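Undergrad: Below are the structure tokens for one structure; questions will follow.
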Amino acid sequence: MYGFYRVAAVVPVLRVGDTDFNREVLLKEYDAACGMGAAVALFPELSLTGYSCGDLFFQEQLLAAAEKNGAALARQTRETILIFGMPLRYRDAIYNAAVVAQQGRICGIVPKSLLPNYREFYEKRQFTSGMNIRRTELEVDGCPAPFGTDLIFDCGPDFTLGVEVCEDLWGVVPPSSKLALGGAKVICNLSAGTGLAGKGDYRRELVRQQSARCLAAYAMASAGVHESTTDCVFSGHALIADNGRLAAENRRFNRESSTIYADIDLKRLRNARYSESSFNDVKCDVEFRRVRLENVPESPDPAYAYLPPLPFVPEDLEHRRERCLEILSIQASALAKRLEHTGARSMVLGISGGLDSTLALLVCVEACDLLERPHSDIMAVTMPGFGTTGRTYNNAVKLSNLLGAELREIDIKGISLKHFEDIGHDPAVIDTTYENAQARERTRILMNLANKHGGLVIGTGDLSEIALGWSTFNGDHMSMYSVNCSIPKTLIRFLIDNIAENSEGELSAVLRDITDTPVSPELLPPAEDGSIQQTTETLIGPYELHDFFLYHFIKYGAEPAKLLYLAAHVFRETYSPETIEKWLKLFLRRFFQQQFKRNCMPDGPKVGSIALSPRGDWRMPSDASGNEWLKSIS
């Protein structure tokens, strides 16, 4: 229903040359994969006989036994596709072939195109390349089946399958590239790679890169340690990659049969081919035969899918640190260029003691260092209002002083009261006017200070706020350069934490206190104990949910029902389905209603794969209706 399919890559125990034994092992592991809800179960190259039979492949006894057991194995298949390797005779040649079977029959046979014949490999001694075999049929034990390198298997909604064999991937133009252009979204590779030192790393990167280049899932199952060890050891490497990401990998040199699983979102891959590359600009020069198979089962659940709750934040700590440093460099480099171009003498920004303004101030500091300018070129303006608490005020002051910025304090309560009087608003009525008037007063002050001192107003708003329209139009919505505009709220906390980790003493302490402070615009009076009364996530929902929705909605075009399904799985221990639905509806309503703010948002750097600039990544009418999306979950 939602496009998830489970792929299994199996490395079985085998006996070289014993097709009866190997058939039973393959069937046992295939049955286990069926029980796990797999759509396809992939086995290694020549797995029915063993890859390392050598000149035994010339023996009539082995070839006939392989054909008999291959047909018998195919007859025991069900809706899960079985892909295994075996030697097959066609006319007066022997081919290293991949057999695709389902529902009791052989559905297609793909011969290996590229035969390695160097160092420890000498396949051309026994086998013939099937590179040019197309539009042909081959009979196996009385069962005819399409035979050739021109086969793509249609296996259900979104599930299109292509097959290549081992060395094919190592070619300059792998068959999988053309299979992908022909529509295959899942590529299966039956392999028999030797276990040389360092080769596993190379193989892993090759599989990962090919999955990215093809915008596909790529599964490889490679022959294991029970192949002959006369001159080499086979490591039994199994890998599944998904559009450049390693989705699953086994432990090599395992002496037992092993299976890895990955749930692949094929609708997501389809959307990526629509929108994220020049994929469709390259035309395929192969006329593929489409082999229609029975629909394969969708994943029973997304248990083997990669669904991090914070998709914008790298899970690996070291990778996260590197990413945080890279993002800060992007932001600072962008701001430095803008300062050089405009000749601005200063950077002016409002500093509140919250996450966004803290990150913006840190970016300004980094830009000063890049340009070898003093930190005093930064004018950090704290503007206490009716909702400012002691905690945020003190943190804003401390941070500005510790970083060497010029600190200015302009209290906005008096001018806000005067403005209420001018427009006839009762300050006892705490409503949208009460809040937005303060936000606009702050922006007016910053703009005029920038004019007075030849500076640029640096925007502090983040991607999550921009998506939700959680800003005051022509208030904090506006600036002269917006450094945080493509960084989501869930990532900002980690960016600041990373800087805190690399800072010392009081600076580290104040940064950590800022990341521990609840997110709030502080436009309503504090609670009686002086604490923050107005918390953003109470009003509009948890940012971890909104960032999760945003990521899958924008990057992969996920429909609302799928967003609910994914979030219910990922956050099942945190939020009820009703709560998730409530905040998803709010996300969709605000995303459509607030596009007018995005259509006139300031310049700012893109730092990740998702941004909402109307000049770059997201073009949408301000008056587009969201009813189609909302009614699907009503």
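Residue numbering restarts at 1 in every chain; chains get A, B, ... in the order shown in the structure tokens, and ligands count up from 1 in that same order.
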List the neighbours of Pro308 (chain A) out to 12 Å using only C-alpha atoms; skip same-chain residues closer than 3 positions along the sequence, and give me the result as a PyMOL selection string.

TA: chain A and resi 302-305+311-316+544-545+547-548+551-552+566-567+569-571

Undergrad: For Cys600 (chain A), list every protein, DNA or RNA residue within 9 Å, evaluated using only C-alpha atoms, and leave out those in the same chain fewer than 3 positions away; present the list as a PyMOL selection string.

TA: chain A and resi 478+596-597+613-614

Undergrad: Output C-alpha atoms for every residue in the selection just made, as an mmCIF file, in the first residue's frame.

TA:
```
data_model
loop_
_atom_site.group_PDB
_atom_site.id
_atom_site.type_symbol
_atom_site.label_atom_id
_atom_site.label_comp_id
_atom_site.auth_asym_id
_atom_site.auth_seq_id
_atom_site.Cartn_x
_atom_site.Cartn_y
_atom_site.Cartn_z
ATOM 1 C CA MET A 478 12.140 39.590 7.177
ATOM 2 C CA PHE A 596 2.818 33.671 0.839
ATOM 3 C CA LYS A 597 5.556 34.204 3.436
ATOM 4 C CA SER A 613 13.388 29.196 -1.224
ATOM 5 C CA PRO A 614 11.023 30.236 -4.043
#
```

Undergrad: Give the strand (DSSP E) residues of region 379-463 of chain A, as assigned by DSSP on the backbone, as a PyMOL selection string.

TA: chain A and resi 379-382+406-409+455-459

Undergrad: Which residues are near Ala32 (chain A)? Cut-off 12 Å, only C-alpha atoms, ignore same chain within fewer than 5 positions. Put them as an MDAnalysis selection string.

TA: chainID A and resid 8:10 25:27 37:38 40:41 80 82 257:261

Undergrad: Set the distance at 8 Å and use only C-alpha atoms: which residues neighbour Ser357 (chain A) once local chain neighbours fewer than 5 positions away are removed? I'd like the list as number ranges by chain.

TA: A: 349-352, 460-461

Undergrad: Using only C-alpha atoms, please write the residues we just selected to a file, as a short mmCIF file (atom, residue, chain, number, x, y, z; two decimals), in the first residue's frame.

TA:
```cif
data_model
loop_
_atom_site.label_atom_id
_atom_site.label_comp_id
_atom_site.auth_asym_id
_atom_site.auth_seq_id
_atom_site.Cartn_x
_atom_site.Cartn_y
_atom_site.Cartn_z
CA LEU A 349 20.87 40.78 14.62
CA GLY A 350 18.39 40.37 17.40
CA ILE A 351 19.69 38.10 20.14
CA SER A 352 17.05 36.48 22.34
CA THR A 460 17.59 34.04 12.44
CA GLY A 461 14.48 32.06 11.37
#
```

Undergrad: For Leu612 (chain A), find every residue with an atom within 12 Å (counting only C-alpha atoms), except residues of its own chain fewer than 4 positions away, and show them as a PyMOL selection string.

TA: chain A and resi 462-469+484-488+550-551+554-555+591+594-608+616-620

Undergrad: Have a look at CA of Cys284 (chain A) and CA of Arg213 (chain A) and let me know their distance in Å, one decimal.

TA: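 Taking CA of Cys284 (chain A) and CA of Arg213 (chain A), their separation equals 14.5 Å.
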
Undergrad: Need to verify the contact set: Arg255 (chain A), 9 Å, only C-alpha atoms, exclusion of same-chain residues closer than 5 positions in sequence. Can you return it as a list in words?

TA: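 The residues that qualify are Val13, Gly224, Val225 and His226 of chain A.
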
Undergrad: Save out the residues we just selected, C-alpha atoms, as an mmCIF file, in the first residue's frame.

TA:
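File again.cif, as written:
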```
data_model
loop_
_atom_site.group_PDB
_atom_site.id
_atom_site.type_symbol
_atom_site.label_atom_id
_atom_site.label_comp_id
_atom_site.auth_asym_id
_atom_site.auth_seq_id
_atom_site.Cartn_x
_atom_site.Cartn_y
_atom_site.Cartn_z
ATOM 1 C CA VAL A 13 26.047 -23.218 3.234
ATOM 2 C CA GLY A 224 30.580 -18.041 1.023
ATOM 3 C CA VAL A 225 33.353 -19.886 2.798
ATOM 4 C CA HIS A 226 32.131 -23.358 1.803
#
```

Undergrad: Contacts of region 129-138 of chain A at 9 Å or less, counting only C-alpha atoms, minus same-chain residues fewer than 4 places along, as a list in words?

TA: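 Contacts, in chain order: Arg89, Tyr90, Ile94, Tyr95, Asn96, Ala97, Gly108, Ile109, Val110, Pro111, Lys112, Ser113, Leu114, Leu115, Lys124, Cys143, Pro144, Ala145, Pro146, Phe147, Gly148, Thr149, Asp150, Leu151, Phe288 and Arg289 of chain A.
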
Undergrad: I need the residues of region 302-440 of chain A that end up classed as alpha helix (DSSP H) by DSSP on the backbone, written out as a PyMOL selection string.

TA: chain A and resi 317-342+355-371+390-402+413-423+432-440

Undergrad: Between CA of Asp377 (chain A) and CA of Thr358 (chain A), what distance in Å does the model show, to one decimal?

TA: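 Pair CA of Asp377 (chain A) / CA of Thr358 (chain A) returns 16.4 Å.
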
Undergrad: Produce a table with one row for each residue of region 445-539 of chain A that has an atom at most 9 Å from any atom of region 402-414 of chain A, each row naming the nearest atom pair and its distance in Å at one decimal; use only C-alpha atoms; arrange rows by chain and rising residue number; format as JSON lines.

TA:
```
{"residue": "A:Ile445", "atom": "CA", "partner": "A:Ile410", "partner_atom": "CA", "distance": 8.6}
{"residue": "A:Glu506", "atom": "CA", "partner": "A:Leu402", "partner_atom": "CA", "distance": 8.0}
{"residue": "A:Leu507", "atom": "CA", "partner": "A:Leu402", "partner_atom": "CA", "distance": 6.5}
```
